[in-house]
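Okay, structure_39.tsv now, which holds TSV, C-alpha atoms:
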```
chain	number	residue	atom	x	y	z
A	10	MET	CA	0.00	0.00	0.00
A	11	ASN	CA	1.24	3.48	-0.77
A	12	LEU	CA	0.08	7.00	-1.59
A	13	GLU	CA	-0.64	6.05	-5.21
A	14	PHE	CA	-2.99	3.34	-3.98
A	15	ILE	CA	-4.82	5.80	-1.70
A	16	GLU	CA	-5.20	8.16	-4.66
A	17	ALA	CA	-6.62	5.27	-6.70
A	18	LEU	CA	-9.21	4.66	-3.96
A	19	LYS	CA	-10.18	8.32	-4.04
A	20	GLN	CA	-10.64	8.09	-7.81
A	21	LEU	CA	-12.75	4.95	-7.40
A	22	GLU	CA	-14.83	6.77	-4.80
A	23	LYS	CA	-15.44	9.60	-7.27
A	24	GLU	CA	-16.28	7.35	-10.24
A	25	ARG	CA	-18.48	4.75	-8.53
A	26	GLY	CA	-19.86	6.76	-5.64
A	27	ILE	CA	-18.47	4.36	-3.02
A	28	SER	CA	-16.88	6.04	-0.02
A	29	LYS	CA	-13.15	5.50	0.55
A	30	ASP	CA	-13.91	4.33	4.10
A	31	ILE	CA	-16.05	1.46	2.79
A	32	LEU	CA	-13.29	0.45	0.38
A	33	LEU	CA	-10.67	0.56	3.13
A	34	GLN	CA	-12.90	-1.59	5.34
A	35	ALA	CA	-13.25	-4.04	2.47
A	36	ILE	CA	-9.49	-4.22	1.99
A	37	GLU	CA	-8.91	-4.66	5.73
A	38	ALA	CA	-11.39	-7.56	5.70
A	39	ALA	CA	-9.63	-8.99	2.67
A	40	LEU	CA	-6.23	-8.79	4.35
A	41	ILE	CA	-7.58	-10.54	7.44
A	42	SER	CA	-9.05	-13.31	5.28
A	43	ALA	CA	-5.81	-13.61	3.31
A	44	TYR	CA	-3.69	-13.72	6.45
A	45	LYS	CA	-5.82	-16.45	8.02
A	46	ARG	CA	-5.73	-18.50	4.85
A	47	ASN	CA	-1.99	-18.07	4.45
A	48	THR	CA	-1.18	-18.97	8.05
A	49	ASN	CA	-4.08	-21.34	8.80
A	50	SER	CA	-4.80	-19.16	11.80
A	51	GLN	CA	-8.05	-19.62	13.71
A	52	GLY	CA	-7.43	-16.80	16.16
A	53	THR	CA	-8.54	-13.20	16.27
A	54	VAL	CA	-6.88	-11.04	13.61
A	55	ARG	CA	-7.18	-7.28	13.15
A	56	ALA	CA	-6.02	-5.16	10.20
A	57	GLU	CA	-5.37	-1.44	10.02
A	58	ILE	CA	-4.68	0.70	6.96
A	59	ASP	CA	-3.56	4.28	7.40
A	60	PRO	CA	-6.05	6.30	5.27
A	61	ASP	CA	-3.40	8.94	4.54
A	62	THR	CA	-0.27	6.91	3.80
A	63	GLY	CA	-1.69	3.49	2.90
A	64	GLU	CA	0.58	1.80	5.44
A	65	ILE	CA	-0.67	-1.66	6.52
A	66	HIS	CA	-0.54	-3.26	9.96
A	67	ILE	CA	-1.96	-6.69	10.78
A	68	TYR	CA	-2.27	-7.82	14.37
A	69	ALA	CA	-2.88	-11.39	15.54
A	70	SER	CA	-4.10	-12.10	19.06
A	71	LYS	CA	-2.23	-14.87	20.90
A	72	THR	CA	-2.84	-16.46	24.25
A	73	VAL	CA	0.10	-16.60	26.68
A	74	VAL	CA	0.88	-20.25	27.61
A	75	GLU	CA	3.67	-22.25	29.26
A	76	GLU	CA	4.19	-24.44	26.20
A	77	VAL	CA	3.07	-23.57	22.65
A	78	GLU	CA	1.02	-26.19	20.79
A	79	THR	CA	-0.53	-23.91	18.11
A	80	PRO	CA	1.96	-21.17	17.11
A	81	THR	CA	-0.64	-19.10	15.23
A	82	VAL	CA	-2.76	-18.53	18.33
A	83	GLU	CA	-0.36	-19.12	21.23
A	84	ILE	CA	2.87	-17.57	22.57
A	85	THR	CA	5.16	-18.67	25.40
A	86	LEU	CA	5.28	-16.70	28.62
A	87	GLU	CA	8.98	-16.09	27.99
A	88	ASP	CA	8.38	-14.52	24.57
A	89	ALA	CA	5.43	-12.55	25.87
A	90	ARG	CA	7.53	-11.02	28.64
A	91	LYS	CA	10.03	-9.84	26.05
A	92	VAL	CA	7.23	-7.53	24.93
A	93	ASN	CA	5.98	-6.65	28.41
A	94	MET	CA	7.14	-8.07	31.73
A	95	LEU	CA	3.62	-7.84	33.17
A	96	TYR	CA	2.18	-10.65	30.99
A	97	GLU	CA	0.97	-13.79	32.81
A	98	VAL	CA	-0.24	-17.19	31.57
A	99	GLY	CA	-3.77	-16.84	30.22
A	100	ASP	CA	-3.35	-13.22	29.08
A	101	VAL	CA	-3.97	-12.29	25.45
A	102	LEU	CA	-1.21	-10.53	23.56
A	103	GLU	CA	-1.73	-8.72	20.26
A	104	GLU	CA	1.29	-9.25	18.02
A	105	GLU	CA	1.95	-7.52	14.71
A	106	ALA	CA	2.21	-10.01	11.87
A	107	LYS	CA	4.70	-9.98	9.00
A	108	THR	CA	2.70	-9.22	5.86
A	109	ARG	CA	5.66	-9.83	3.56
A	110	ASP	CA	5.08	-13.57	3.88
A	111	PHE	CA	1.74	-13.40	2.01
A	112	GLY	CA	1.73	-15.64	-1.06
A	113	ARG	CA	-0.15	-15.68	-4.35
A	114	ILE	CA	-3.22	-17.39	-2.84
A	115	ALA	CA	-3.42	-14.74	-0.14
A	116	ALA	CA	-3.32	-11.97	-2.74
A	117	GLN	CA	-6.08	-13.63	-4.76
A	118	THR	CA	-8.22	-13.98	-1.64
A	119	ALA	CA	-7.72	-10.30	-0.87
A	120	LYS	CA	-8.71	-9.33	-4.41
A	121	GLN	CA	-11.86	-11.48	-4.32
A	122	VAL	CA	-13.01	-10.02	-1.02
A	123	VAL	CA	-12.35	-6.46	-2.19
A	124	MET	CA	-14.30	-6.98	-5.43
A	125	GLN	CA	-17.17	-8.61	-3.53
A	126	ARG	CA	-17.36	-5.70	-1.10
A	127	ILE	CA	-17.29	-3.20	-3.96
A	128	ARG	CA	-20.14	-5.03	-5.71
A	129	GLU	CA	-22.16	-5.15	-2.49
A	130	ALA	CA	-21.59	-1.45	-1.92
A	131	GLU	CA	-22.62	-0.63	-5.50
A	132	ARG	CA	-25.77	-2.75	-5.14
A	133	GLY	CA	-26.59	-0.96	-1.89
A	134	ILE	CA	-26.17	2.45	-3.55
A	135	ILE	CA	-28.34	1.43	-6.52
A	136	TYR	CA	-31.01	-0.03	-4.21
A	137	ASP	CA	-31.12	3.14	-2.12
A	138	GLU	CA	-31.41	5.22	-5.28
A	139	TYR	CA	-34.26	3.20	-6.82
A	140	ILE	CA	-36.25	2.55	-3.62
A	141	GLU	CA	-36.90	6.30	-3.61
A	142	LYS	CA	-38.37	5.96	-7.11
A	143	GLU	CA	-41.19	3.63	-6.12
A	144	ASN	CA	-44.53	5.02	-7.37
A	145	GLU	CA	-42.67	7.19	-9.89
A	146	VAL	CA	-42.43	7.06	-13.68
A	147	LEU	CA	-39.15	6.17	-15.40
A	148	THR	CA	-38.14	5.97	-19.04
A	149	ALA	CA	-37.04	2.42	-19.86
A	150	ILE	CA	-35.35	0.82	-22.87
A	151	VAL	CA	-36.61	-2.60	-23.96
A	152	GLN	CA	-33.77	-5.13	-23.74
A	153	ARG	CA	-35.54	-8.41	-24.35
A	154	ALA	CA	-39.17	-9.45	-24.71
A	155	GLU	CA	-40.15	-12.96	-23.66
A	156	LYS	CA	-43.49	-14.75	-23.53
A	157	ASN	CA	-44.37	-13.84	-19.94
A	158	CYS	CA	-42.23	-10.78	-19.24
A	159	VAL	CA	-40.15	-8.00	-20.72
A	160	TYR	CA	-36.68	-7.08	-19.46
A	161	LEU	CA	-35.90	-3.37	-19.44
A	162	GLU	CA	-32.88	-1.15	-18.93
A	163	LEU	CA	-33.50	1.57	-16.34
A	164	GLY	CA	-30.09	3.22	-16.31
A	165	LYS	CA	-27.99	1.78	-13.50
A	166	THR	CA	-30.09	-1.35	-13.10
A	167	ASP	CA	-32.63	-3.52	-14.90
A	168	GLY	CA	-36.40	-3.66	-14.63
A	169	ILE	CA	-38.91	-6.40	-15.24
A	170	LEU	CA	-42.39	-5.96	-16.73
A	171	LEU	CA	-44.55	-8.98	-15.95
A	172	GLN	CA	-47.34	-10.14	-18.24
A	173	ASN	CA	-50.16	-8.96	-15.95
A	174	GLU	CA	-48.60	-5.47	-15.93
A	175	MET	CA	-48.47	-5.19	-19.74
A	176	ILE	CA	-51.02	-3.20	-21.73
A	177	PRO	CA	-53.11	-5.74	-23.70
A	178	GLY	CA	-52.06	-5.93	-27.34
A	179	GLU	CA	-48.94	-3.80	-26.84
A	180	ASN	CA	-45.76	-5.02	-28.57
A	181	TYR	CA	-42.31	-4.48	-27.09
A	182	VAL	CA	-39.44	-4.23	-29.56
A	183	ASN	CA	-35.76	-4.17	-28.59
A	184	ASN	CA	-34.41	-0.65	-27.98
A	185	ASP	CA	-37.90	0.87	-27.84
A	186	ARG	CA	-38.31	3.57	-25.18
A	187	VAL	CA	-41.36	3.28	-22.92
A	188	LYS	CA	-42.58	5.02	-19.79
A	189	VAL	CA	-43.11	2.65	-16.85
A	190	TYR	CA	-44.48	2.98	-13.32
A	191	VAL	CA	-42.25	1.61	-10.53
A	192	LEU	CA	-44.27	-0.83	-8.43
A	193	GLU	CA	-41.60	-2.35	-6.22
A	194	VAL	CA	-37.83	-2.51	-5.73
A	195	ARG	CA	-36.60	-5.89	-4.49
A	196	LYS	CA	-33.21	-6.87	-3.07
A	197	GLU	CA	-31.77	-9.78	-5.04
A	198	ASN	CA	-28.39	-11.56	-4.92
A	199	LYS	CA	-27.41	-10.15	-8.32
A	200	GLY	CA	-28.53	-6.65	-7.40
A	201	PRO	CA	-31.82	-4.79	-6.97
A	202	GLN	CA	-34.71	-5.85	-9.20
A	203	VAL	CA	-37.20	-3.16	-10.18
A	204	VAL	CA	-40.72	-4.41	-10.89
A	205	VAL	CA	-42.59	-2.00	-13.16
A	206	SER	CA	-46.06	-1.61	-14.66
A	207	ARG	CA	-47.73	-0.21	-17.75
A	208	THR	CA	-51.28	-0.85	-16.47
A	209	HIS	CA	-51.25	0.85	-13.05
A	210	PRO	CA	-53.50	3.96	-12.74
A	211	GLY	CA	-50.52	5.68	-11.14
A	212	LEU	CA	-48.80	5.70	-14.55
A	213	VAL	CA	-51.56	7.92	-15.95
A	214	LYS	CA	-51.42	10.21	-12.94
A	215	ARG	CA	-47.64	10.64	-13.18
A	216	LEU	CA	-47.83	11.26	-16.94
A	217	PHE	CA	-50.35	14.04	-16.35
A	218	GLU	CA	-48.06	15.51	-13.69
A	219	LEU	CA	-45.21	15.55	-16.20
A	220	GLU	CA	-47.33	17.14	-18.94
A	221	VAL	CA	-49.47	19.55	-16.89
A	222	PRO	CA	-47.53	22.17	-14.87
A	223	GLU	CA	-50.73	23.12	-13.04
A	224	ILE	CA	-50.90	19.63	-11.51
A	225	MET	CA	-47.24	19.67	-10.52
A	226	SER	CA	-47.69	23.08	-8.86
A	227	GLY	CA	-50.80	21.97	-6.99
A	228	VAL	CA	-53.22	24.37	-8.68
A	229	VAL	CA	-55.00	21.41	-10.31
A	230	LEU	CA	-55.62	18.32	-8.19
A	231	VAL	CA	-56.12	14.77	-9.44
A	232	LYS	CA	-59.02	13.58	-7.27
A	233	SER	CA	-59.52	10.08	-8.69
A	234	ILE	CA	-58.50	7.75	-11.53
A	235	ALA	CA	-60.20	4.64	-12.89
A	236	ARG	CA	-58.45	2.68	-15.59
A	237	GLU	CA	-58.84	-0.38	-17.77
A	238	ALA	CA	-55.42	-0.38	-19.40
A	239	GLY	CA	-55.32	-0.40	-23.16
A	240	PHE	CA	-58.96	0.61	-23.48
A	241	ARG	CA	-60.11	3.57	-21.40
A	242	THR	CA	-59.18	5.76	-18.44
A	243	LYS	CA	-61.31	8.23	-16.55
A	244	ILE	CA	-59.58	10.93	-14.53
A	245	ALA	CA	-61.34	13.43	-12.27
A	246	VAL	CA	-59.58	16.76	-11.71
A	247	TYR	CA	-60.33	19.85	-9.65
A	248	SER	CA	-58.93	23.38	-9.69
A	249	THR	CA	-58.13	25.26	-6.48
A	250	ASP	CA	-58.06	28.49	-8.49
A	251	GLN	CA	-61.36	29.69	-9.98
A	252	GLN	CA	-59.46	31.33	-12.83
A	253	VAL	CA	-57.92	28.00	-13.91
A	254	ASP	CA	-60.00	25.49	-15.86
A	255	ALA	CA	-58.89	22.08	-14.56
A	256	VAL	CA	-60.12	20.13	-17.59
A	257	GLY	CA	-58.73	22.68	-20.05
A	258	ALA	CA	-55.32	22.62	-18.35
A	259	CYS	CA	-55.16	18.83	-18.70
A	260	VAL	CA	-56.32	18.84	-22.31
A	261	GLY	CA	-53.89	21.60	-23.32
A	262	GLN	CA	-53.97	23.90	-26.29
A	263	ARG	CA	-55.64	22.06	-29.16
A	264	GLY	CA	-55.45	18.89	-27.08
A	265	ALA	CA	-51.64	18.80	-27.19
A	266	ARG	CA	-51.08	17.70	-23.58
A	267	VAL	CA	-53.55	14.85	-23.46
A	268	GLU	CA	-52.57	13.72	-26.96
A	269	ARG	CA	-48.98	13.15	-25.82
A	270	ILE	CA	-50.24	10.98	-22.97
A	271	VAL	CA	-52.62	9.08	-25.26
A	272	ALA	CA	-49.71	8.44	-27.66
A	273	GLU	CA	-47.55	7.14	-24.81
A	274	LEU	CA	-50.37	4.75	-23.85
A	275	HIS	CA	-50.78	3.61	-27.48
A	276	ASN	CA	-54.07	5.42	-28.13
A	277	GLU	CA	-55.83	4.48	-24.91
A	278	LYS	CA	-58.97	6.66	-24.60
A	279	ILE	CA	-58.90	9.18	-21.77
A	280	ASP	CA	-61.97	10.94	-20.36
A	281	ILE	CA	-61.06	14.03	-18.33
A	282	ILE	CA	-63.91	15.19	-16.10
A	283	GLU	CA	-64.26	17.92	-13.51
A	284	TRP	CA	-64.67	16.63	-9.97
A	285	ASP	CA	-67.63	18.04	-8.06
A	286	PRO	CA	-68.44	17.85	-4.33
A	287	ASP	CA	-72.11	17.20	-5.21
A	288	PRO	CA	-72.35	13.39	-5.80
A	289	ALA	CA	-75.19	13.74	-8.29
A	290	ILE	CA	-73.29	16.20	-10.48
A	291	TYR	CA	-70.06	14.19	-10.13
A	292	ILE	CA	-71.77	10.92	-11.14
A	293	ALA	CA	-73.41	12.59	-14.14
A	294	LYS	CA	-70.04	13.90	-15.32
A	295	ALA	CA	-68.38	10.54	-14.68
A	296	LEU	CA	-70.67	8.90	-17.23
A	297	SER	CA	-69.25	11.12	-19.98
A	298	PRO	CA	-69.51	11.04	-22.97
A	299	ALA	CA	-73.15	10.14	-22.19
A	300	LYS	CA	-75.47	12.89	-20.93
A	301	ALA	CA	-77.57	12.20	-17.83
A	302	LEU	CA	-81.11	13.56	-17.55
A	303	MET	CA	-81.56	12.87	-13.84
A	304	VAL	CA	-79.47	11.43	-11.02
A	305	TYR	CA	-81.08	10.16	-7.80
A	306	VAL	CA	-78.62	9.42	-4.97
A	307	ASN	CA	-78.99	7.31	-1.83
A	308	ASP	CA	-76.39	8.59	0.60
A	309	GLU	CA	-76.87	5.76	3.10
A	310	GLU	CA	-76.24	3.01	0.57
A	311	LYS	CA	-73.93	5.20	-1.55
A	312	ALA	CA	-75.93	4.16	-4.58
A	313	ALA	CA	-77.28	6.21	-7.47
A	314	LYS	CA	-79.95	5.77	-10.15
A	315	VAL	CA	-79.21	7.58	-13.40
A	316	ILE	CA	-81.69	8.28	-16.18
A	317	VAL	CA	-80.30	8.92	-19.66
A	318	PRO	CA	-81.98	9.56	-23.06
A	319	ASP	CA	-83.04	6.40	-24.87
A	320	THR	CA	-80.49	7.06	-27.61
A	321	GLN	CA	-77.63	7.22	-25.11
A	322	LEU	CA	-78.30	4.16	-22.97
A	323	SER	CA	-75.70	2.02	-24.75
A	324	LEU	CA	-73.23	4.92	-24.67
A	325	ALA	CA	-73.72	5.39	-20.92
A	326	ILE	CA	-73.26	1.69	-20.23
A	327	GLY	CA	-70.41	1.32	-22.72
A	328	LYS	CA	-69.10	-1.74	-24.51
A	329	GLU	CA	-69.47	-4.72	-22.16
A	330	GLY	CA	-70.43	-2.26	-19.41
A	331	GLN	CA	-67.03	-0.56	-19.42
A	332	ASN	CA	-68.19	3.08	-19.18
A	333	ALA	CA	-70.56	2.39	-16.29
A	334	ARG	CA	-67.94	0.23	-14.55
A	335	LEU	CA	-65.26	2.92	-14.79
A	336	ALA	CA	-67.69	5.63	-13.63
A	337	ALA	CA	-68.56	3.56	-10.57
A	338	LYS	CA	-64.88	2.95	-9.82
A	339	LEU	CA	-64.04	6.63	-10.31
A	340	THR	CA	-66.79	7.94	-8.01
A	341	GLY	CA	-66.91	5.10	-5.52
A	342	TRP	CA	-70.73	4.87	-5.95
A	343	LYS	CA	-72.93	2.03	-7.15
A	344	ILE	CA	-74.62	3.24	-10.34
A	345	ASP	CA	-77.82	1.88	-11.87
A	346	ILE	CA	-78.46	3.28	-15.35
A	347	LYS	CA	-81.85	3.31	-17.05
A	348	SER	CA	-83.15	4.90	-20.25
A	349	GLN	CA	-85.90	7.51	-20.08
A	350	THR	CA	-88.46	5.03	-21.43
A	351	GLN	CA	-87.39	2.37	-18.94
A	352	ALA	CA	-87.69	4.86	-16.10
A	353	GLU	CA	-91.14	6.00	-17.25
A	354	ASN	CA	-92.34	2.41	-17.60
A	355	ALA	CA	-91.01	1.59	-14.15
A	356	MET	CA	-92.82	4.60	-12.71
A	357	MET	CA	-96.06	3.59	-14.46
A	358	GLU	CA	-95.75	0.06	-13.11
A	359	GLN	CA	-95.18	1.39	-9.61
A	360	ALA	CA	-98.16	3.72	-9.94
A	361	GLN	CA	-100.33	0.86	-11.21
A	362	LEU	CA	-99.24	-1.40	-8.35
A	363	ALA	CA	-99.97	1.36	-5.86
A	364	GLU	CA	-103.41	1.88	-7.40
A	365	GLU	CA	-104.18	-1.84	-7.31
A	366	GLU	CA	-103.02	-2.03	-3.72
A	367	GLU	CA	-105.27	0.90	-2.78
A	368	GLU	CA	-108.29	-0.73	-4.47
A	369	LEU	CA	-107.60	-3.97	-2.61
A	370	ILE	CA	-107.57	-2.11	0.70
A	371	GLU	CA	-110.90	-0.40	-0.11
A	372	GLU	CA	-112.52	-3.72	-1.03
A	373	THR	CA	-111.32	-5.25	2.22
A	374	GLU	CA	-112.79	-2.37	4.25
A	375	GLU	CA	-116.22	-2.79	2.55
```
Entire entry expressed as structure tokens:
Amino acid sequence: MNLEFIEALKQLEKERGISKDILLQAIEAALISAYKRNTNSQGTVRAEIDPDTGEIHIYASKTVVEEVETPTVEITLEDARKVNMLYEVGDVLEEEAKTRDFGRIAAQTAKQVVMQRIREAERGIIYDEYIEKENEVLTAIVQRAEKNCVYLELGKTDGILLQNEMIPGENYVNNDRVKVYVLEVRKENKGPQVVVSRTHPGLVKRLFELEVPEIMSGVVLVKSIAREAGFRTKIAVYSTDQQVDAVGACVGQRGARVERIVAELHNEKIDIIEWDPDPAIYIAKALSPAKALMVYVNDEEKAAKVIVPDTQLSLAIGKEGQNARLAAKLTGWKIDIKSQTQAENAMMEQAQLAEEEEELIEETEE
């Protein structure tokens, strides 16, 4: 060890972001391992490296005995008293070892331990960096697409996109760039594994935050999101400033902002609606693009009955019930949708039943 070596450690610290202290600790551990292997010592060994000069000192603890049986861990009372006359049998003496006797195997052991510690430190740094990115959006590069998953490059580490987190029908081609939502960062033996998603509603929210400065600044709030990835998303927004149109801010001039998000999601439809504290108004807006004629709410059951024009019943329900399902998920209310004719017929039936019931009561009284 010398000054040049210390300078090399400082350079390594700068390039890889690993502190010099961690590297020195790794080398000290390596020297201890190498010494024990070279001498077959089973005793306590301590290593010290001067952080300024690179000078090495290795100390081996030995027990003071009358007669030595294991030279690597024992020392005679006579030899011990050459160091200090106060030593007695049973005391432990720390003796500096001769490092010049290290052989090729010892050097290889030291190198292996150092490299292992460096890798562990790098993994720890990468894990700490990416654990802070959970629930955030990252730009990934497709490395390899397999049947059940896609492997991605995320900069300093790799990500994995599982099949149930893929947008249905989306193809992933090598070197394509895609935006992904970080679900979880796991510690693995080969380094941190980042599990990402393309279907999570959080991806849409983060994309709007990136595209809409009013959301990032807090002027426009995202109140709720309901998504069926690859098909349709509904997002409810609200402005804290009366002079700012929440929906207009998200759409952008000539639809530029929302179009960039739609393109990123491969033409997934996005309905942007204005959140309202009145449940009836909010539910009516949530059924967009359909127009509601009337909304009756039951606060206790958190259920609503919605009447729409006959021509818009299928639009309100959506293909395979998707529009109604997303509206219910967005608002958190149970929604029963009926056409105007269905509602009128139901009311007539109820009126007829009430009339028949009244006639029955009159006949009974007579």
Legend entry - Of the listed residues A:Asn144, A:Glu237, A:Ala352, A:Ile58, that which approaches A:Gly330 most closely, counting only C-alpha atoms: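 Ranking A:Asn144, A:Glu237, A:Ala352, A:Ile58 by distance to A:Gly330, first place goes to A:Glu237.
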Inset, instruction - Check the smallest atom-to-atom distance from each of A:Glu143, A:Asp137, A:Glu193, A:Glu131 to A:Glu22 using all atoms listed in the file, then report the winner. - result: A:Glu131
Inset, instruction - Do a neighbour search on A:Ala130 at 12 Å with only C-alpha atoms, toss out local chain neighbours closer than 3 positions, and write the hits as a ChimeraX atom specification. - result: /A:22,25-32,34-35,123-127,133-137,200-201
Grab the residues selected above and save them as a JSON list (two decimals), keeping the file's coordinate frame with C-alpha atoms.
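Now in again-v7.json:
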```
[["chain", "number", "residue", "atom", "x", "y", "z"],
["A", 22, "GLU", "CA", -14.83, 6.77, -4.80],
["A", 25, "ARG", "CA", -18.48, 4.75, -8.53],
["A", 26, "GLY", "CA", -19.86, 6.76, -5.64],
["A", 27, "ILE", "CA", -18.47, 4.36, -3.02],
["A", 28, "SER", "CA", -16.88, 6.04, -0.02],
["A", 29, "LYS", "CA", -13.15, 5.50, 0.55],
["A", 30, "ASP", "CA", -13.91, 4.33, 4.10],
["A", 31, "ILE", "CA", -16.05, 1.46, 2.79],
["A", 32, "LEU", "CA", -13.29, 0.45, 0.38],
["A", 34, "GLN", "CA", -12.90, -1.59, 5.34],
["A", 35, "ALA", "CA", -13.25, -4.04, 2.47],
["A", 123, "VAL", "CA", -12.35, -6.46, -2.19],
["A", 124, "MET", "CA", -14.30, -6.98, -5.43],
["A", 125, "GLN", "CA", -17.17, -8.61, -3.53],
["A", 126, "ARG", "CA", -17.36, -5.70, -1.10],
["A", 127, "ILE", "CA", -17.29, -3.20, -3.96],
["A", 133, "GLY", "CA", -26.59, -0.96, -1.89],
["A", 134, "ILE", "CA", -26.17, 2.45, -3.55],
["A", 135, "ILE", "CA", -28.34, 1.43, -6.52],
["A", 136, "TYR", "CA", -31.01, -0.03, -4.21],
["A", 137, "ASP", "CA", -31.12, 3.14, -2.12],
["A", 200, "GLY", "CA", -28.53, -6.65, -7.40],
["A", 201, "PRO", "CA", -31.82, -4.79, -6.97]]
```
Legend entry - Nearest residue to A:Tyr247 from the set A:Tyr68, A:Phe217, A:Tyr44, A:Trp284 (distances using only C-alpha atoms):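 Smallest separation from A:Tyr247 among the options: A:Trp284.
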Inset, instruction - Check the smallest atom-to-atom distance from each of A:Lys294, A:Arg236, A:Lys165, A:His209 to A:Ile150 using only C-alpha atoms, then report the winner. - result: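 So, comparing all the options, the nearest one is A:Lys165.
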Inset, instruction - Between atom CA of A:Leu147 and atom CA of A:Leu21, measure the distance and give it in Å to one decimal. - result: 27.6 Å
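Residues with any atom within 7 Å of A:Asp280, counting all atoms listed in the file and excluding same-chain neighbours fewer than 6 positions away, are Thr242, Lys243 and Ile244 of chain A.
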Legend entry - Non-local contacts of A:Leu219 (12 Å; all atoms listed in the file; under 2 positions in same chain excluded) as a PyMOL selection string: chain A and resi 145-147+188+212-217+221-226+259+266-267+269-270
